[in-house]
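Text of my_file14.pdb, listed as PDB, C-alpha atoms:
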MODEL        1
ATOM      1  CA  MET A   1    -239.845 331.888 261.268
ATOM      2  CA  SER A   2    -242.614 331.329 258.736
ATOM      3  CA  GLY A   3    -245.071 329.347 260.901
ATOM      4  CA  LYS A   4    -246.874 326.134 260.270
ATOM      5  CA  ARG A   5    -248.561 325.049 257.046
ATOM      6  CA  LYS A   6    -252.093 326.363 256.652
ATOM      7  CA  ASP A   7    -253.397 323.834 254.093
ATOM      8  CA  TYR A   8    -253.264 320.644 256.168
ATOM      9  CA  ILE A   9    -256.361 318.438 256.355
ATOM     10  CA  SER A  10    -258.611 318.139 259.414
ATOM     11  CA  TRP A  11    -258.891 314.963 261.486
ATOM     12  CA  GLU A  12    -262.308 314.311 259.925
ATOM     13  CA  GLN A  13    -260.883 314.688 256.408
ATOM     14  CA  TYR A  14    -257.985 312.415 257.305
ATOM     15  CA  PHE A  15    -260.163 309.591 258.643
ATOM     16  CA  MET A  16    -262.626 309.770 255.749
ATOM     17  CA  ALA A  17    -259.690 309.813 253.309
ATOM     18  CA  VAL A  18    -258.395 306.602 254.970
ATOM     19  CA  ALA A  19    -261.839 305.039 254.468
ATOM     20  CA  MET A  20    -261.813 306.191 250.832
ATOM     21  CA  LEU A  21    -258.318 304.793 250.277
ATOM     22  CA  SER A  22    -259.362 301.479 251.880
ATOM     23  CA  SER A  23    -262.309 301.281 249.489
ATOM     24  CA  GLN A  24    -259.842 301.110 246.615
ATOM     25  CA  ARG A  25    -258.812 297.599 247.807
ATOM     26  CA  SER A  26    -262.299 296.295 246.969
ATOM     27  CA  LYS A  27    -262.492 294.249 243.787
ATOM     28  CA  ASP A  28    -266.248 294.773 243.464
ATOM     29  CA  PRO A  29    -266.854 296.066 239.917
ATOM     30  CA  ASN A  30    -269.890 298.133 240.978
ATOM     31  CA  THR A  31    -269.472 299.658 244.421
ATOM     32  CA  GLN A  32    -266.268 300.114 246.388
ATOM     33  CA  VAL A  33    -266.822 300.740 250.088
ATOM     34  CA  GLY A  34    -264.225 301.424 252.769
ATOM     35  CA  ALA A  35    -264.395 301.964 256.525
ATOM     36  CA  CYS A  36    -262.071 303.353 259.181
ATOM     37  CA  ILE A  37    -262.651 303.024 262.935
ATOM     38  CA  VAL A  38    -261.088 305.596 265.252
ATOM     39  CA  ASP A  39    -260.863 305.563 269.039
ATOM     40  CA  GLN A  40    -261.469 308.512 271.356
ATOM     41  CA  ARG A  41    -257.797 309.510 271.182
ATOM     42  CA  ARG A  42    -257.969 309.840 267.376
ATOM     43  CA  ARG A  43    -256.058 306.632 266.756
ATOM     44  CA  ILE A  44    -257.052 304.337 263.928
ATOM     45  CA  VAL A  45    -257.921 300.930 265.384
ATOM     46  CA  ALA A  46    -259.306 299.274 262.243
ATOM     47  CA  VAL A  47    -259.864 299.610 258.516
ATOM     48  CA  GLY A  48    -261.901 297.469 256.174
ATOM     49  CA  TYR A  49    -263.180 297.214 252.644
ATOM     50  CA  ALA A  50    -265.849 295.170 250.873
ATOM     51  CA  GLY A  51    -264.643 291.766 249.746
ATOM     52  CA  PHE A  52    -264.968 288.034 250.162
ATOM     53  CA  PRO A  53    -263.893 286.249 253.358
ATOM     54  CA  THR A  54    -260.268 285.228 253.747
ATOM     55  CA  GLY A  55    -259.588 282.039 251.822
ATOM     56  CA  CYS A  56    -262.561 282.482 249.455
ATOM     57  CA  SER A  57    -261.402 283.113 245.907
ATOM     58  CA  ASP A  58    -262.568 286.356 244.346
ATOM     59  CA  ASP A  59    -261.906 284.700 240.975
ATOM     60  CA  GLU A  60    -264.292 281.812 241.655
ATOM     61  CA  LEU A  61    -267.165 283.508 243.503
ATOM     62  CA  PRO A  62    -269.612 285.737 241.583
ATOM     63  CA  TRP A  63    -269.528 289.539 241.505
ATOM     64  CA  ASP A  64    -272.938 289.849 239.812
ATOM     65  CA  ARG A  65    -275.701 291.995 241.302
ATOM     66  CA  GLU A  66    -278.640 290.179 239.689
ATOM     67  CA  GLY A  67    -279.619 286.563 239.166
ATOM     68  CA  ALA A  68    -280.289 283.555 241.356
ATOM     69  CA  PRO A  69    -279.053 284.271 244.901
ATOM     70  CA  LEU A  70    -276.019 281.964 244.691
ATOM     71  CA  GLN A  71    -275.061 283.530 241.369
ATOM     72  CA  THR A  72    -274.726 286.980 242.966
ATOM     73  CA  LYS A  73    -272.169 288.497 245.321
ATOM     74  CA  TYR A  74    -274.654 289.129 248.134
ATOM     75  CA  PRO A  75    -274.476 285.852 250.083
ATOM     76  CA  PHE A  76    -270.662 285.891 249.923
ATOM     77  CA  VAL A  77    -269.336 289.444 250.321
ATOM     78  CA  CYS A  78    -268.278 290.913 253.677
ATOM     79  CA  HIS A  79    -269.094 294.601 253.855
ATOM     80  CA  ALA A  80    -266.375 297.101 254.720
ATOM     81  CA  GLU A  81    -267.919 297.940 258.089
ATOM     82  CA  LEU A  82    -268.056 294.295 259.178
ATOM     83  CA  ASN A  83    -264.514 293.676 257.933
ATOM     84  CA  ALA A  84    -263.237 296.643 259.939
ATOM     85  CA  ILE A  85    -264.962 295.363 263.091
ATOM     86  CA  LEU A  86    -263.650 291.817 262.611
ATOM     87  CA  ASN A  87    -260.107 292.945 261.727
ATOM     88  CA  ARG A  88    -259.703 295.492 264.525
ATOM     89  CA  ASN A  89    -256.391 295.784 266.337
ATOM     90  CA  SER A  90    -258.125 296.715 269.582
ATOM     91  CA  ALA A  91    -260.165 294.398 271.766
ATOM     92  CA  ASP A  92    -262.710 297.089 272.587
ATOM     93  CA  LEU A  93    -264.476 299.367 270.116
ATOM     94  CA  CYS A  94    -266.712 300.911 272.764
ATOM     95  CA  GLY A  95    -266.974 304.671 272.190
ATOM     96  CA  CYS A  96    -265.212 304.564 268.814
ATOM     97  CA  THR A  97    -266.276 306.395 265.657
ATOM     98  CA  MET A  98    -266.640 304.673 262.311
ATOM     99  CA  TYR A  99    -265.992 306.596 259.091
ATOM    100  CA  THR A 100    -267.500 304.849 256.093
ATOM    101  CA  THR A 101    -267.868 305.759 252.454
ATOM    102  CA  LEU A 102    -271.455 304.412 252.290
ATOM    103  CA  PHE A 103    -274.210 304.493 254.911
ATOM    104  CA  PRO A 104    -274.251 301.046 256.595
ATOM    105  CA  CYS A 105    -276.871 298.429 255.757
ATOM    106  CA  ASN A 106    -279.036 296.876 258.476
ATOM    107  CA  GLU A 107    -276.703 293.873 258.875
ATOM    108  CA  CYS A 108    -273.660 296.091 259.418
ATOM    109  CA  ALA A 109    -275.719 298.331 261.720
ATOM    110  CA  LYS A 110    -276.280 295.329 264.003
ATOM    111  CA  ALA A 111    -272.533 294.615 264.136
ATOM    112  CA  ILE A 112    -271.755 298.301 264.728
ATOM    113  CA  ILE A 113    -274.224 298.468 267.610
ATOM    114  CA  GLN A 114    -273.042 295.189 269.155
ATOM    115  CA  SER A 115    -269.390 296.278 268.952
ATOM    116  CA  GLY A 116    -270.057 299.422 270.993
ATOM    117  CA  ILE A 117    -269.241 301.961 268.273
ATOM    118  CA  SER A 118    -270.978 305.174 269.312
ATOM    119  CA  GLU A 119    -270.909 307.243 266.107
ATOM    120  CA  VAL A 120    -271.043 306.604 262.360
ATOM    121  CA  VAL A 121    -269.883 309.254 259.905
ATOM    122  CA  TYR A 122    -270.821 308.400 256.325
ATOM    123  CA  LEU A 123    -269.984 309.922 252.953
ATOM    124  CA  SER A 124    -272.688 308.603 250.606
ATOM    125  CA  ASP A 125    -276.306 307.825 251.342
ATOM    126  CA  LYS A 126    -277.340 306.561 247.911
ATOM    127  CA  TYR A 127    -279.585 303.792 249.292
ATOM    128  CA  ARG A 128    -281.368 306.070 251.790
ATOM    129  CA  ASP A 129    -284.839 304.966 250.693
ATOM    130  CA  SER A 130    -284.105 301.222 250.913
ATOM    131  CA  ASP A 131    -285.666 299.117 253.645
ATOM    132  CA  SER A 132    -282.173 298.082 254.745
ATOM    133  CA  ASP A 133    -281.099 301.678 255.392
ATOM    134  CA  LYS A 134    -284.415 302.510 257.054
ATOM    135  CA  ALA A 135    -283.963 299.545 259.406
ATOM    136  CA  ALA A 136    -280.372 300.621 260.135
ATOM    137  CA  ARG A 137    -281.562 304.122 261.049
ATOM    138  CA  ILE A 138    -284.265 302.733 263.349
ATOM    139  CA  MET A 139    -281.721 300.519 265.150
ATOM    140  CA  PHE A 140    -279.086 303.274 265.404
ATOM    141  CA  ASP A 141    -281.693 305.599 266.910
ATOM    142  CA  MET A 142    -282.913 302.983 269.403
ATOM    143  CA  ALA A 143    -279.347 302.055 270.431
ATOM    144  CA  GLY A 144    -278.183 305.670 270.730
ATOM    145  CA  VAL A 145    -275.594 305.461 267.944
ATOM    146  CA  ARG A 146    -275.089 308.925 266.469
ATOM    147  CA  ILE A 147    -275.103 309.127 262.674
ATOM    148  CA  ARG A 148    -274.053 312.074 260.572
ATOM    149  CA  LYS A 149    -273.212 312.807 256.985
ATOM    150  CA  PHE A 150    -269.653 313.866 256.243
ATOM    151  CA  THR A 151    -269.841 317.351 254.752
ATOM    152  CA  GLU A 152    -266.246 318.568 254.575
ATOM    153  CA  LYS A 153    -264.477 318.807 251.252
ATOM    154  CA  ILE A 154    -261.625 316.357 250.721
ATOM    155  CA  SER A 155    -258.677 317.324 248.611
ATOM    156  CA  VAL A 156    -255.766 314.991 249.248
ATOM    157  CA  ARG A 157    -252.493 315.020 247.361
ATOM    158  CA  LEU A 158    -251.221 311.490 246.835
ATOM    159  CA  GLU A 159    -248.013 312.215 244.979
ATOM    160  CA  ALA A 160    -244.856 312.073 247.057
ATOM    161  CA  GLU A 161    -242.443 314.974 247.160
ATOM    162  CA  ALA A 162    -238.904 314.262 246.055
TER     163      ALA A 162
ENDMDL
END
Starting from the coordinates I provided, produce the structure as structure tokens.
Amino acid sequence: MSGKRKDYISWEQYFMAVAMLSSQRSKDPNTQVGACIVDQRRRIVAVGYAGFPTGCSDDELPWDREGAPLQTKYPFVCHAELNAILNRNSADLCGCTMYTTLFPCNECAKAIIQSGISEVVYLSDKYRDSDSDKAARIMFDMAGVRIRKFTEKISVRLEAEA
């Protein structure tokens, strides 16, 4: 008997990899964000990615980052975290952990807090100095939502064995 494989990924790597894979569904030309929500038994209860609401054409709405407000993506796009919360397959997210590829903005922080998610694990923090992220951190701290940066290395093989 040779024993089990030694190079399998951890639960944390697995859930962040699911968030990363989900981000690849986003059609945003600048930033692709994905999220994965996991319950206390390590079961995935939701995934989401940044995109426009169901029924709103991503060919007709703008993807621009600058310009008059209605000529940009910002009033139209649903962030990955909000999409995951809205598309959950479980009625209750209380005590769940969210894995997200980008630290949540203040608007998503409100939805995370209201949904009962107790921990957020994020990969990138590139907007750390923005007012939106500062507000999110203040609210997470006040509401007792734990936040932590994902620090494990991810090396996932996507090719299938024959």
For the file shown, report as a compact mmCIF listing (two decimals) with C-alpha atoms, keeping the file's coordinate frame the outcome of the PyMOL selection byres ((chain A and resi 83) around 12) at residue level.
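File written: part.txt
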# COMPACT_ATOMS: atom_id res chain seq x y z
CA SER A 22 -259.36 301.48 251.88
CA SER A 23 -262.31 301.28 249.49
CA SER A 26 -262.30 296.30 246.97
CA VAL A 33 -266.82 300.74 250.09
CA GLY A 34 -264.23 301.42 252.77
CA ALA A 35 -264.40 301.96 256.52
CA CYS A 36 -262.07 303.35 259.18
CA ILE A 37 -262.65 303.02 262.94
CA ALA A 46 -259.31 299.27 262.24
CA VAL A 47 -259.86 299.61 258.52
CA GLY A 48 -261.90 297.47 256.17
CA TYR A 49 -263.18 297.21 252.64
CA ALA A 50 -265.85 295.17 250.87
CA GLY A 51 -264.64 291.77 249.75
CA PHE A 52 -264.97 288.03 250.16
CA PRO A 53 -263.89 286.25 253.36
CA THR A 54 -260.27 285.23 253.75
CA VAL A 77 -269.34 289.44 250.32
CA CYS A 78 -268.28 290.91 253.68
CA HIS A 79 -269.09 294.60 253.86
CA ALA A 80 -266.38 297.10 254.72
CA GLU A 81 -267.92 297.94 258.09
CA LEU A 82 -268.06 294.30 259.18
CA ALA A 84 -263.24 296.64 259.94
CA ILE A 85 -264.96 295.36 263.09
CA LEU A 86 -263.65 291.82 262.61
CA ASN A 87 -260.11 292.94 261.73
CA ARG A 88 -259.70 295.49 264.52
CA ASN A 89 -256.39 295.78 266.34
CA THR A 100 -267.50 304.85 256.09
CA CYS A 108 -273.66 296.09 259.42
CA ALA A 111 -272.53 294.62 264.14
CA ILE A 112 -271.76 298.30 264.73
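Candidate residues A:Lys110, A:Ser90, A:Thr101, A:Gln71 were compared for distance to Leu21 in chain A, and the nearest is A:Thr101, using all atoms listed in the file.
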(request) Run the PyMOL selection byres ((chain A and resi 109) around 10) mentally over the shown coordinates, then write out the matched residues as a ChimeraX atom specification, using the chain letters and numbers from the document. (result) /A:81-82,103-108,110-115,117,120,132-133,135-140,145
(message) So, with all atoms listed in the file as the atoms that count, which of A:Ser118, A:Ser124, A:Thr97, A:Thr72 lies closest to Arg43 in chain A?
(response) A:Thr97
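Picture a line from CA of Pro75 in chain A to CA of Pro62 in chain A; it runs 9.8 Å.
Between CA of Lys126 in chain A and CA of Thr31 in chain A the separation is 11.0 Å.
Ranking A:Arg128, A:Tyr122, A:Met142, A:Phe76 by their shortest atom-to-atom distance to Gln13 in chain A, with all atoms listed in the file included, puts A:Tyr122 first.
We find CA of Asp141 in chain A and CA of Ala19 in chain A to be spaced 23.4 Å apart.
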(message) Counting only C-alpha atoms, which residue out of A:Glu152, A:Asp59, A:Glu66, A:Asp92 sits closest to Ser10 in chain A?
(response) A:Glu152
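Here, the PyMOL selection byres ((chain A and resi 11) around 12) matches Tyr8, Ile9, Ser10, Glu12, Gln13, Tyr14, Phe15, Met16, Ala17, Val18, Val38, Arg41, Arg42, Arg43, Ile44, Tyr99, Glu152 and Ile154 of chain A.
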(message) Restricting the calculation to all atoms listed in the file: of A:Met98, A:Arg65, A:Asp129, A:Leu93, which residue gets closest to Phe150 in chain A?
(response) A:Met98
